[in-house]
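*Asks:* Once you've had a glance at the structure underneath, I'll fire off some questions.
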Protein chains: 2
Amino acid sequence: MSEQAPLPLSPTPRSTVNRYPHRAADHRQVLYNVLDSGLICHVGFIAEDTPVVMPSVYGRDGDTLYFHASRAARSARIFAEGAPICVTVTHLDGIVYARDVAHNSVNYRSAMIYGTGRALVDEADKLKGLHVMAGHMAPGAWDYGNRPDSRDLLRVAVMCLDLSEASVKIRNEPPSNHGKEPDLQKWAGVLPVQTRFGVPQPQGDVPPDLAVPDHIAQRRMTP
Amino acid sequence: MSEQAPLPLSPTPRSTVNRYPHRAADHRQVLYNVLDSGLICHVGFIAEDTPVVMPSVYGRDGDTLYFHASRAARSARIFAEGAPICVTVTHLDGIVYARDVAHNSVNYRSAMIYGTGRALVDEADKLKGLHVMAGHMAPGAWDYGNRPDSRDLLRVAVMCLDLSEASVKIRNEPPSNHGKEPDLQKWAGVLPVQTRFGVPQPQGDVPPDLAVPDHIAQRRMTP
């Protein structure tokens, strides 16, 4: 994954955070961090005048996001037509318990990218996209597993999106009393929410003496 | 949260799962389970011909989903106009490592709901929505904390969506060899992805001898 020097995010009107602007990040490195530490994204597109929000795996290389539509038939057709899309990656980091229920909140990091989705056609482009996504979703798998062949590439739909128009919003704060006098008889604070990997479950045909490879056994969440 | 007897999901063309239909669930109880064990949703709507995907907390009561738009100003206006929306809740349950990188996948449960968003106006409706969302996002908080007052209700934007048009898709399988002879020298299987709560972090003004209440200290993820 190539890295570029941190550049400011250049928000357009639609990618500008209007509510709680102090929660908006203004450096591309923050965007990269939110994307690189996530596991799935939600892709929004319009199908017959209706918004559709579809989960997908993804990967980032520089200022390009690759994703793999699970309902490939419909979405791939829509992306091929150069339709506007919105991709959002959200980390839920904590449940914020305030003394007033109405002030309960969540701590989170969320990146929202607007742009035009593009379905990759060339074999080399698709291979690149799969490589980037494998590096993100399953680091180490590209070198360990069998590489995709032409038949695999024909079967798969790989989409990409430019990261030029993006916004990042982060809440990482204790609860707010919203100016009210706190009732110190009541507990308030944050319950962290964490994602972690469990114990690897081998497929049925894996020989019992075949160890789980390190890139899986040692995998930890990207902070 | 009131429960209804399980009813079949009644898919319309747009909520019908066309790809891998064996992964589509057909009972409302499966939809309820996916929604009730999630923490955040992604709400899709159309703003000036562009799809927008916005994360939100939510809660379910029977066949109504309540959610709380974080960019309230714009989205609340759009929902008040009865615009079409799509709400998706996704659980990532595992990274699926196949012997062929192109066959890597993820195990997941995903619910997609189509409908017309509605911004609640009446105080009683908003209070109900906040109660349902608090019960979901922070079980026990409604009884422990201070209830919302009229000023809180005025300040907050609560949206709702009918669960009548929904689809659920679940992948809970080992990797597929896609008909290829497996290379038994290579490991294949599933790395589970789990969400859990960490150690509660008290707000700075909480007296050191005030114990973390049970509804927070004992909280576990809904399976």
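In the structure tokens, each chain is lettered A, B, ... as it comes, each chain's residues begin at 1, and ligands are numbered from 1 in order of appearance.
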What's the 6 Å shell around range 91-97 of chain A, counting only C-alpha atoms, without same-chain residues fewer than 5 positions away, as a PDB file with N, CA, C and O atoms, in the first residue's frame?
*Replies:*
ATOM      1  N   ASN A 104     -27.191  10.761  26.324  1.00  0.00           N
ATOM      2  CA  ASN A 104     -26.421   9.575  25.949  1.00  0.00           C
ATOM      3  C   ASN A 104     -25.936   9.744  24.516  1.00  0.00           C
ATOM      4  O   ASN A 104     -26.577  10.401  23.704  1.00  0.00           O
ATOM      5  N   SER A 105     -24.812   9.134  24.215  1.00  0.00           N
ATOM      6  CA  SER A 105     -24.257   9.283  22.879  1.00  0.00           C
ATOM      7  C   SER A 105     -23.370   8.088  22.581  1.00  0.00           C
ATOM      8  O   SER A 105     -23.374   7.095  23.318  1.00  0.00           O
ATOM      9  N   VAL A 106     -22.632   8.174  21.495  1.00  0.00           N
ATOM     10  CA  VAL A 106     -21.623   7.159  21.198  1.00  0.00           C
ATOM     11  C   VAL A 106     -20.332   7.851  20.783  1.00  0.00           C
ATOM     12  O   VAL A 106     -20.365   8.943  20.204  1.00  0.00           O
ATOM     13  N   ASN A 107     -19.227   7.232  21.110  1.00  0.00           N
ATOM     14  CA  ASN A 107     -17.950   7.657  20.548  1.00  0.00           C
ATOM     15  C   ASN A 107     -17.713   6.861  19.281  1.00  0.00           C
ATOM     16  O   ASN A 107     -17.985   5.654  19.229  1.00  0.00           O
ATOM     17  N   TYR A 108     -17.241   7.526  18.256  1.00  0.00           N
ATOM     18  CA  TYR A 108     -17.116   6.864  16.958  1.00  0.00           C
ATOM     19  C   TYR A 108     -16.081   7.599  16.104  1.00  0.00           C
ATOM     20  O   TYR A 108     -15.688   8.738  16.391  1.00  0.00           O
ATOM     21  N   ARG A 109     -15.663   6.926  15.049  1.00  0.00           N
ATOM     22  CA  ARG A 109     -14.895   7.542  13.963  1.00  0.00           C
ATOM     23  C   ARG A 109     -15.601   7.150  12.676  1.00  0.00           C
ATOM     24  O   ARG A 109     -15.857   5.970  12.460  1.00  0.00           O
ATOM     25  N   PRO A 175     -19.208  11.999  28.415  1.00  0.00           N
ATOM     26  CA  PRO A 175     -20.551  12.554  28.218  1.00  0.00           C
ATOM     27  C   PRO A 175     -20.564  14.052  28.463  1.00  0.00           C
ATOM     28  O   PRO A 175     -19.714  14.580  29.185  1.00  0.00           O
ATOM     29  N   ALA A 188     -21.530   8.358  35.423  1.00  0.00           N
ATOM     30  CA  ALA A 188     -21.534   8.736  34.005  1.00  0.00           C
ATOM     31  C   ALA A 188     -20.170   8.399  33.436  1.00  0.00           C
ATOM     32  O   ALA A 188     -19.158   8.455  34.151  1.00  0.00           O
ATOM     33  N   GLY A 189     -20.113   8.042  32.187  1.00  0.00           N
ATOM     34  CA  GLY A 189     -18.826   7.705  31.576  1.00  0.00           C
ATOM     35  C   GLY A 189     -19.000   6.979  30.265  1.00  0.00           C
ATOM     36  O   GLY A 189     -20.066   7.030  29.645  1.00  0.00           O
ATOM     37  N   VAL A 190     -17.932   6.310  29.857  1.00  0.00           N
ATOM     38  CA  VAL A 190     -17.921   5.652  28.552  1.00  0.00           C
ATOM     39  C   VAL A 190     -17.652   4.158  28.723  1.00  0.00           C
ATOM     40  O   VAL A 190     -16.744   3.770  29.461  1.00  0.00           O
ATOM     41  N   LEU A 191     -18.450   3.346  28.057  1.00  0.00           N
ATOM     42  CA  LEU A 191     -18.202   1.908  27.989  1.00  0.00           C
ATOM     43  C   LEU A 191     -17.560   1.632  26.628  1.00  0.00           C
ATOM     44  O   LEU A 191     -18.233   1.743  25.588  1.00  0.00           O
ATOM     45  N   PRO A 192     -16.262   1.303  26.612  1.00  0.00           N
ATOM     46  CA  PRO A 192     -15.602   1.086  25.313  1.00  0.00           C
ATOM     47  C   PRO A 192     -16.199  -0.098  24.549  1.00  0.00           C
ATOM     48  O   PRO A 192     -16.623  -1.081  25.149  1.00  0.00           O
ATOM     49  N   VAL A 193     -16.243   0.018  23.255  1.00  0.00           N
ATOM     50  CA  VAL A 193     -16.654  -1.081  22.368  1.00  0.00           C
ATOM     51  C   VAL A 193     -15.422  -1.476  21.558  1.00  0.00           C
ATOM     52  O   VAL A 193     -14.776  -0.610  20.954  1.00  0.00           O
TER      53      VAL A 193
END
*Asks:* Would you pick out the contacts of Ala166 in chain B at 10 Å or less, using only C-alpha atoms, so that residues sharing its chain but fewer than 2 positions from it are not included, and give the list as a PDB file with N, CA, C and O atoms, in the first residue's frame?
*Replies:*
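Writing the result to selection27.pdb gives the following:
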ATOM      1  N   LEU B   9     -41.058 -12.731   6.148  1.00  0.00           N
ATOM      2  CA  LEU B   9     -40.715 -11.496   5.456  1.00  0.00           C
ATOM      3  C   LEU B   9     -41.434 -11.543   4.113  1.00  0.00           C
ATOM      4  O   LEU B   9     -41.535 -12.585   3.493  1.00  0.00           O
ATOM      5  N   SER B  10     -41.956 -10.435   3.678  1.00  0.00           N
ATOM      6  CA  SER B  10     -42.692 -10.402   2.405  1.00  0.00           C
ATOM      7  C   SER B  10     -41.908  -9.583   1.408  1.00  0.00           C
ATOM      8  O   SER B  10     -42.125  -8.392   1.280  1.00  0.00           O
ATOM      9  N   PRO B  11     -40.967 -10.204   0.732  1.00  0.00           N
ATOM     10  CA  PRO B  11     -40.062  -9.407  -0.094  1.00  0.00           C
ATOM     11  C   PRO B  11     -40.757  -8.830  -1.323  1.00  0.00           C
ATOM     12  O   PRO B  11     -41.581  -9.486  -1.952  1.00  0.00           O
ATOM     13  N   THR B  12     -40.435  -7.602  -1.624  1.00  0.00           N
ATOM     14  CA  THR B  12     -40.823  -6.961  -2.873  1.00  0.00           C
ATOM     15  C   THR B  12     -39.652  -7.164  -3.834  1.00  0.00           C
ATOM     16  O   THR B  12     -38.595  -7.632  -3.421  1.00  0.00           O
ATOM     17  N   ARG B  14     -37.442  -5.152  -4.975  1.00  0.00           N
ATOM     18  CA  ARG B  14     -36.182  -4.524  -4.593  1.00  0.00           C
ATOM     19  C   ARG B  14     -35.585  -5.109  -3.316  1.00  0.00           C
ATOM     20  O   ARG B  14     -34.408  -4.939  -3.053  1.00  0.00           O
ATOM     21  N   SER B  15     -36.403  -5.788  -2.491  1.00  0.00           N
ATOM     22  CA  SER B  15     -35.833  -6.373  -1.281  1.00  0.00           C
ATOM     23  C   SER B  15     -35.570  -7.868  -1.444  1.00  0.00           C
ATOM     24  O   SER B  15     -35.259  -8.555  -0.495  1.00  0.00           O
ATOM     25  N   THR B  16     -35.707  -8.380  -2.656  1.00  0.00           N
ATOM     26  CA  THR B  16     -35.447  -9.801  -2.898  1.00  0.00           C
ATOM     27  C   THR B  16     -33.960 -10.029  -3.155  1.00  0.00           C
ATOM     28  O   THR B  16     -33.337  -9.300  -3.925  1.00  0.00           O
ATOM     29  N   ASP B  26     -36.076 -15.889   5.602  1.00  0.00           N
ATOM     30  CA  ASP B  26     -37.459 -15.609   5.221  1.00  0.00           C
ATOM     31  C   ASP B  26     -38.383 -15.483   6.434  1.00  0.00           C
ATOM     32  O   ASP B  26     -39.593 -15.557   6.290  1.00  0.00           O
ATOM     33  N   ARG B  28     -39.422 -13.136   9.911  1.00  0.00           N
ATOM     34  CA  ARG B  28     -39.221 -11.842  10.569  1.00  0.00           C
ATOM     35  C   ARG B  28     -38.369 -11.983  11.820  1.00  0.00           C
ATOM     36  O   ARG B  28     -37.664 -11.069  12.200  1.00  0.00           O
ATOM     37  N   LEU B  31     -34.890 -11.287  11.081  1.00  0.00           N
ATOM     38  CA  LEU B  31     -34.699  -9.833  10.954  1.00  0.00           C
ATOM     39  C   LEU B  31     -34.578  -9.198  12.342  1.00  0.00           C
ATOM     40  O   LEU B  31     -33.655  -8.412  12.598  1.00  0.00           O
ATOM     41  N   CYS B  86     -33.104   3.792   2.996  1.00  0.00           N
ATOM     42  CA  CYS B  86     -32.687   2.394   3.156  1.00  0.00           C
ATOM     43  C   CYS B  86     -31.814   2.339   4.397  1.00  0.00           C
ATOM     44  O   CYS B  86     -30.865   3.112   4.523  1.00  0.00           O
ATOM     45  N   VAL B  87     -32.169   1.475   5.325  1.00  0.00           N
ATOM     46  CA  VAL B  87     -31.377   1.335   6.553  1.00  0.00           C
ATOM     47  C   VAL B  87     -30.767  -0.056   6.571  1.00  0.00           C
ATOM     48  O   VAL B  87     -31.477  -1.053   6.378  1.00  0.00           O
ATOM     49  N   THR B  88     -29.466  -0.121   6.774  1.00  0.00           N
ATOM     50  CA  THR B  88     -28.759  -1.400   6.776  1.00  0.00           C
ATOM     51  C   THR B  88     -28.017  -1.594   8.098  1.00  0.00           C
ATOM     52  O   THR B  88     -27.366  -0.677   8.584  1.00  0.00           O
ATOM     53  N   ALA B 111     -29.055  -6.941   7.555  1.00  0.00           N
ATOM     54  CA  ALA B 111     -30.474  -6.631   7.327  1.00  0.00           C
ATOM     55  C   ALA B 111     -30.558  -5.327   6.568  1.00  0.00           C
ATOM     56  O   ALA B 111     -29.842  -4.366   6.873  1.00  0.00           O
ATOM     57  N   MET B 112     -31.416  -5.298   5.555  1.00  0.00           N
ATOM     58  CA  MET B 112     -31.594  -4.121   4.717  1.00  0.00           C
ATOM     59  C   MET B 112     -33.083  -3.795   4.715  1.00  0.00           C
ATOM     60  O   MET B 112     -33.902  -4.656   4.389  1.00  0.00           O
ATOM     61  N   ILE B 113     -33.407  -2.588   5.102  1.00  0.00           N
ATOM     62  CA  ILE B 113     -34.818  -2.203   5.202  1.00  0.00           C
ATOM     63  C   ILE B 113     -35.085  -1.026   4.270  1.00  0.00           C
ATOM     64  O   ILE B 113     -34.366  -0.016   4.324  1.00  0.00           O
ATOM     65  N   TYR B 114     -36.083  -1.163   3.425  1.00  0.00           N
ATOM     66  CA  TYR B 114     -36.490  -0.073   2.536  1.00  0.00           C
ATOM     67  C   TYR B 114     -37.774   0.532   3.059  1.00  0.00           C
ATOM     68  O   TYR B 114     -38.640  -0.179   3.572  1.00  0.00           O
ATOM     69  N   GLY B 115     -37.921   1.814   2.880  1.00  0.00           N
ATOM     70  CA  GLY B 115     -39.180   2.434   3.282  1.00  0.00           C
ATOM     71  C   GLY B 115     -39.105   3.936   3.198  1.00  0.00           C
ATOM     72  O   GLY B 115     -38.240   4.508   2.525  1.00  0.00           O
ATOM     73  N   ASP B 162     -40.816   1.966   9.097  1.00  0.00           N
ATOM     74  CA  ASP B 162     -41.584   0.732   9.200  1.00  0.00           C
ATOM     75  C   ASP B 162     -40.755  -0.446   8.680  1.00  0.00           C
ATOM     76  O   ASP B 162     -40.071  -0.316   7.665  1.00  0.00           O
ATOM     77  N   LEU B 163     -40.852  -1.585   9.378  1.00  0.00           N
ATOM     78  CA  LEU B 163     -40.026  -2.741   8.985  1.00  0.00           C
ATOM     79  C   LEU B 163     -40.727  -3.652   7.980  1.00  0.00           C
ATOM     80  O   LEU B 163     -40.368  -4.822   7.847  1.00  0.00           O
ATOM     81  N   SER B 164     -41.728  -3.142   7.268  1.00  0.00           N
ATOM     82  CA  SER B 164     -42.510  -4.042   6.417  1.00  0.00           C
ATOM     83  C   SER B 164     -41.714  -4.567   5.220  1.00  0.00           C
ATOM     84  O   SER B 164     -41.933  -5.683   4.769  1.00  0.00           O
ATOM     85  N   VAL B 168     -32.951 -10.020   4.753  1.00  0.00           N
ATOM     86  CA  VAL B 168     -31.828 -10.392   5.615  1.00  0.00           C
ATOM     87  C   VAL B 168     -30.963 -11.361   4.842  1.00  0.00           C
ATOM     88  O   VAL B 168     -31.466 -12.279   4.200  1.00  0.00           O
TER      89      VAL B 168
END
*Asks:* Which residues, written as a PyMOL selection string, have at least one atom at most 6 Å from Ser110 in chain A, with only C-alpha atoms counted and residues fewer than 2 positions away on the same chain left out?
*Replies:* chain A and resi 89-90+168-169
*Asks:* Just need the residues of chain B within 6 Å of chain A, counting only C-alpha atoms, so spit them out as a PDB file with N, CA, C and O atoms, in the first residue's frame.
*Replies:*
ATOM      1  N   ARG B  19     -28.728 -12.665  -5.573  1.00  0.00           N
ATOM      2  CA  ARG B  19     -27.453 -13.342  -5.620  1.00  0.00           C
ATOM      3  C   ARG B  19     -27.330 -14.218  -4.378  1.00  0.00           C
ATOM      4  O   ARG B  19     -27.559 -13.747  -3.273  1.00  0.00           O
ATOM      5  N   GLY B  44     -29.338   5.307   4.520  1.00  0.00           N
ATOM      6  CA  GLY B  44     -29.116   5.868   3.192  1.00  0.00           C
ATOM      7  C   GLY B  44     -30.281   6.724   2.765  1.00  0.00           C
ATOM      8  O   GLY B  44     -31.438   6.317   2.905  1.00  0.00           O
ATOM      9  N   PHE B  45     -30.001   7.911   2.266  1.00  0.00           N
ATOM     10  CA  PHE B  45     -31.052   8.759   1.710  1.00  0.00           C
ATOM     11  C   PHE B  45     -30.462   9.526   0.537  1.00  0.00           C
ATOM     12  O   PHE B  45     -29.249   9.465   0.277  1.00  0.00           O
ATOM     13  N   THR B  50     -27.776  12.862  -4.840  1.00  0.00           N
ATOM     14  CA  THR B  50     -26.607  12.116  -4.399  1.00  0.00           C
ATOM     15  C   THR B  50     -26.999  11.195  -3.251  1.00  0.00           C
ATOM     16  O   THR B  50     -27.695  11.630  -2.338  1.00  0.00           O
ATOM     17  N   PRO B  51     -26.549   9.936  -3.290  1.00  0.00           N
ATOM     18  CA  PRO B  51     -26.822   9.086  -2.128  1.00  0.00           C
ATOM     19  C   PRO B  51     -25.935   9.505  -0.957  1.00  0.00           C
ATOM     20  O   PRO B  51     -24.779   9.895  -1.155  1.00  0.00           O
ATOM     21  N   VAL B  52     -26.490   9.458   0.244  1.00  0.00           N
ATOM     22  CA  VAL B  52     -25.745   9.771   1.464  1.00  0.00           C
ATOM     23  C   VAL B  52     -25.915   8.590   2.407  1.00  0.00           C
ATOM     24  O   VAL B  52     -27.028   8.098   2.587  1.00  0.00           O
ATOM     25  N   VAL B  53     -24.812   8.116   2.974  1.00  0.00           N
ATOM     26  CA  VAL B  53     -24.861   7.004   3.927  1.00  0.00           C
ATOM     27  C   VAL B  53     -24.341   7.505   5.268  1.00  0.00           C
ATOM     28  O   VAL B  53     -23.171   7.881   5.390  1.00  0.00           O
ATOM     29  N   ARG B  71     -26.561  14.060  11.661  1.00  0.00           N
ATOM     30  CA  ARG B  71     -26.523  15.331  10.922  1.00  0.00           C
ATOM     31  C   ARG B  71     -27.968  15.771  10.757  1.00  0.00           C
ATOM     32  O   ARG B  71     -28.520  15.830   9.674  1.00  0.00           O
ATOM     33  N   PRO B  84     -37.706   8.340   0.220  1.00  0.00           N
ATOM     34  CA  PRO B  84     -37.328   6.931   0.365  1.00  0.00           C
ATOM     35  C   PRO B  84     -35.981   6.802   1.070  1.00  0.00           C
ATOM     36  O   PRO B  84     -35.060   7.574   0.795  1.00  0.00           O
ATOM     37  N   ILE B  85     -35.888   5.852   1.967  1.00  0.00           N
ATOM     38  CA  ILE B  85     -34.607   5.613   2.636  1.00  0.00           C
ATOM     39  C   ILE B  85     -34.320   4.116   2.665  1.00  0.00           C
ATOM     40  O   ILE B  85     -35.200   3.289   2.380  1.00  0.00           O
ATOM     41  N   CYS B  86     -33.104   3.792   2.996  1.00  0.00           N
ATOM     42  CA  CYS B  86     -32.687   2.394   3.156  1.00  0.00           C
ATOM     43  C   CYS B  86     -31.814   2.339   4.397  1.00  0.00           C
ATOM     44  O   CYS B  86     -30.865   3.112   4.523  1.00  0.00           O
ATOM     45  N   ARG B  99      -8.176 -21.214   0.228  1.00  0.00           N
ATOM     46  CA  ARG B  99      -6.847 -21.527  -0.314  1.00  0.00           C
ATOM     47  C   ARG B  99      -6.542 -20.658  -1.536  1.00  0.00           C
ATOM     48  O   ARG B  99      -5.397 -20.338  -1.797  1.00  0.00           O
ATOM     49  N   ASP B 100      -7.602 -20.301  -2.250  1.00  0.00           N
ATOM     50  CA  ASP B 100      -7.459 -19.362  -3.364  1.00  0.00           C
ATOM     51  C   ASP B 100      -7.877 -17.980  -2.870  1.00  0.00           C
ATOM     52  O   ASP B 100      -9.011 -17.807  -2.397  1.00  0.00           O
ATOM     53  N   VAL B 101      -6.990 -17.011  -3.001  1.00  0.00           N
ATOM     54  CA  VAL B 101      -7.286 -15.669  -2.499  1.00  0.00           C
ATOM     55  C   VAL B 101      -8.608 -15.144  -3.070  1.00  0.00           C
ATOM     56  O   VAL B 101      -9.374 -14.466  -2.385  1.00  0.00           O
ATOM     57  N   ALA B 102      -8.869 -15.457  -4.321  1.00  0.00           N
ATOM     58  CA  ALA B 102     -10.094 -14.947  -4.951  1.00  0.00           C
ATOM     59  C   ALA B 102     -11.346 -15.499  -4.285  1.00  0.00           C
ATOM     60  O   ALA B 102     -12.432 -14.957  -4.474  1.00  0.00           O
ATOM     61  N   GLY B 145     -31.050   6.773  34.660  1.00  0.00           N
ATOM     62  CA  GLY B 145     -30.745   8.183  34.400  1.00  0.00           C
ATOM     63  C   GLY B 145     -31.951   9.098  34.564  1.00  0.00           C
ATOM     64  O   GLY B 145     -33.051   8.653  34.893  1.00  0.00           O
ATOM     65  N   ASN B 146     -31.715  10.364  34.352  1.00  0.00           N
ATOM     66  CA  ASN B 146     -32.808  11.332  34.339  1.00  0.00           C
ATOM     67  C   ASN B 146     -33.524  11.254  32.998  1.00  0.00           C
ATOM     68  O   ASN B 146     -32.876  11.275  31.952  1.00  0.00           O
ATOM     69  N   ARG B 147     -34.847  11.206  33.062  1.00  0.00           N
ATOM     70  CA  ARG B 147     -35.642  11.124  31.837  1.00  0.00           C
ATOM     71  C   ARG B 147     -35.583  12.450  31.059  1.00  0.00           C
ATOM     72  O   ARG B 147     -35.388  13.505  31.649  1.00  0.00           O
ATOM     73  N   PRO B 148     -35.805  12.363  29.753  1.00  0.00           N
ATOM     74  CA  PRO B 148     -35.791  13.598  28.952  1.00  0.00           C
ATOM     75  C   PRO B 148     -36.913  14.551  29.367  1.00  0.00           C
ATOM     76  O   PRO B 148     -38.018  14.104  29.709  1.00  0.00           O
ATOM     77  N   PRO B 174     -17.920 -22.239   6.060  1.00  0.00           N
ATOM     78  CA  PRO B 174     -16.475 -22.309   5.823  1.00  0.00           C
ATOM     79  C   PRO B 174     -16.173 -21.793   4.414  1.00  0.00           C
ATOM     80  O   PRO B 174     -17.095 -21.522   3.649  1.00  0.00           O
ATOM     81  N   ALA B 188      -7.005 -23.449   5.574  1.00  0.00           N
ATOM     82  CA  ALA B 188      -8.183 -22.675   5.184  1.00  0.00           C
ATOM     83  C   ALA B 188      -9.163 -22.717   6.344  1.00  0.00           C
ATOM     84  O   ALA B 188      -9.205 -23.696   7.095  1.00  0.00           O
ATOM     85  N   GLY B 189      -9.912 -21.674   6.520  1.00  0.00           N
ATOM     86  CA  GLY B 189     -10.876 -21.656   7.617  1.00  0.00           C
ATOM     87  C   GLY B 189     -11.385 -20.253   7.886  1.00  0.00           C
ATOM     88  O   GLY B 189     -11.275 -19.363   7.041  1.00  0.00           O
ATOM     89  N   VAL B 190     -11.948 -20.086   9.071  1.00  0.00           N
ATOM     90  CA  VAL B 190     -12.585 -18.818   9.426  1.00  0.00           C
ATOM     91  C   VAL B 190     -11.926 -18.231  10.668  1.00  0.00           C
ATOM     92  O   VAL B 190     -11.692 -18.941  11.655  1.00  0.00           O
ATOM     93  N   LEU B 191     -11.603 -16.943  10.603  1.00  0.00           N
ATOM     94  CA  LEU B 191     -11.124 -16.214  11.773  1.00  0.00           C
ATOM     95  C   LEU B 191     -12.310 -15.399  12.303  1.00  0.00           C
ATOM     96  O   LEU B 191     -12.734 -14.427  11.659  1.00  0.00           O
ATOM     97  N   PRO B 192     -12.864 -15.793  13.464  1.00  0.00           N
ATOM     98  CA  PRO B 192     -14.048 -15.075  13.967  1.00  0.00           C
ATOM     99  C   PRO B 192     -13.731 -13.614  14.291  1.00  0.00           C
ATOM    100  O   PRO B 192     -12.622 -13.284  14.730  1.00  0.00           O
ATOM    101  N   VAL B 193     -14.675 -12.748  14.055  1.00  0.00           N
ATOM    102  CA  VAL B 193     -14.590 -11.335  14.445  1.00  0.00           C
ATOM    103  C   VAL B 193     -15.643 -11.117  15.528  1.00  0.00           C
ATOM    104  O   VAL B 193     -16.808 -11.466  15.344  1.00  0.00           O
ATOM    105  N   GLN B 194     -15.198 -10.578  16.665  1.00  0.00           N
ATOM    106  CA  GLN B 194     -16.099 -10.439  17.812  1.00  0.00           C
ATOM    107  C   GLN B 194     -16.133  -8.999  18.302  1.00  0.00           C
ATOM    108  O   GLN B 194     -15.122  -8.307  18.261  1.00  0.00           O
ATOM    109  N   THR B 195     -17.283  -8.587  18.761  1.00  0.00           N
ATOM    110  CA  THR B 195     -17.419  -7.271  19.387  1.00  0.00           C
ATOM    111  C   THR B 195     -17.627  -7.489  20.876  1.00  0.00           C
ATOM    112  O   THR B 195     -18.388  -8.365  21.278  1.00  0.00           O
ATOM    113  N   ARG B 196     -16.906  -6.730  21.685  1.00  0.00           N
ATOM    114  CA  ARG B 196     -17.105  -6.867  23.130  1.00  0.00           C
ATOM    115  C   ARG B 196     -16.960  -5.503  23.790  1.00  0.00           C
ATOM    116  O   ARG B 196     -16.441  -4.551  23.206  1.00  0.00           O
ATOM    117  N   PHE B 197     -17.411  -5.418  25.023  1.00  0.00           N
ATOM    118  CA  PHE B 197     -17.295  -4.182  25.769  1.00  0.00           C
ATOM    119  C   PHE B 197     -16.020  -4.213  26.621  1.00  0.00           C
ATOM    120  O   PHE B 197     -15.645  -5.254  27.145  1.00  0.00           O
ATOM    121  N   GLY B 198     -15.368  -3.070  26.731  1.00  0.00           N
ATOM    122  CA  GLY B 198     -14.163  -2.958  27.532  1.00  0.00           C
ATOM    123  C   GLY B 198     -14.475  -2.521  28.955  1.00  0.00           C
ATOM    124  O   GLY B 198     -15.601  -2.669  29.437  1.00  0.00           O
ATOM    125  N   PRO B 200     -15.348   0.002  31.793  1.00  0.00           N
ATOM    126  CA  PRO B 200     -16.016   1.316  31.840  1.00  0.00           C
ATOM    127  C   PRO B 200     -15.081   2.422  32.317  1.00  0.00           C
ATOM    128  O   PRO B 200     -14.316   2.227  33.267  1.00  0.00           O
ATOM    129  N   GLN B 201     -15.123   3.576  31.643  1.00  0.00           N
ATOM    130  CA  GLN B 201     -14.269   4.726  31.954  1.00  0.00           C
ATOM    131  C   GLN B 201     -15.141   5.815  32.574  1.00  0.00           C
ATOM    132  O   GLN B 201     -15.892   6.468  31.858  1.00  0.00           O
ATOM    133  N   PRO B 202     -15.040   6.043  33.907  1.00  0.00           N
ATOM    134  CA  PRO B 202     -15.907   7.053  34.523  1.00  0.00           C
ATOM    135  C   PRO B 202     -15.561   8.466  34.075  1.00  0.00           C
ATOM    136  O   PRO B 202     -14.397   8.781  33.800  1.00  0.00           O
ATOM    137  N   GLN B 203     -16.581   9.316  33.988  1.00  0.00           N
ATOM    138  CA  GLN B 203     -16.368  10.744  33.731  1.00  0.00           C
ATOM    139  C   GLN B 203     -15.556  11.324  34.897  1.00  0.00           C
ATOM    140  O   GLN B 203     -15.587  10.798  36.011  1.00  0.00           O
TER     141      GLN B 203
END
*Asks:* Quick check for you: according to DSSP on this backbone, which residues of range 22-139 of chain B are classed as strand (DSSP E or B)? Reply as number ranges by chain.
*Replies:* B: 24, 27, 40-47, 50-61, 64-69, 84-97, 100, 105-116, 118-119
*Asks:* If we count only C-alpha atoms, what is near His136 in chain A at a cut-off of 9 Å, once residues fewer than 4 positions away on the same chain are taken out, given as a list in words?
*Replies:* Asp36, Ser37, Gly38, Leu39, Val57, Tyr58, Gly59, Arg60, His131 and Val132 of chain A
*Asks:* Just asking: which residues within chain A are alpha helix (DSSP H) according to DSSP, as a ChimeraX atom specification?
*Replies:* /A:28-36,72-80,123-137,141-144,150-155,214-217
*Asks:* Mind pulling up the distance from CA of Ser167 in chain A to CA of Ala80 in chain A?
*Replies:* 24.5 Å
*Asks:* One number please: CA of Asp63 in chain A to CA of Arg171 in chain A, in Å, one decimal.
*Replies:*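 Taking CA of Asp63 in chain A and CA of Arg171 in chain A, their separation equals 24.1 Å.
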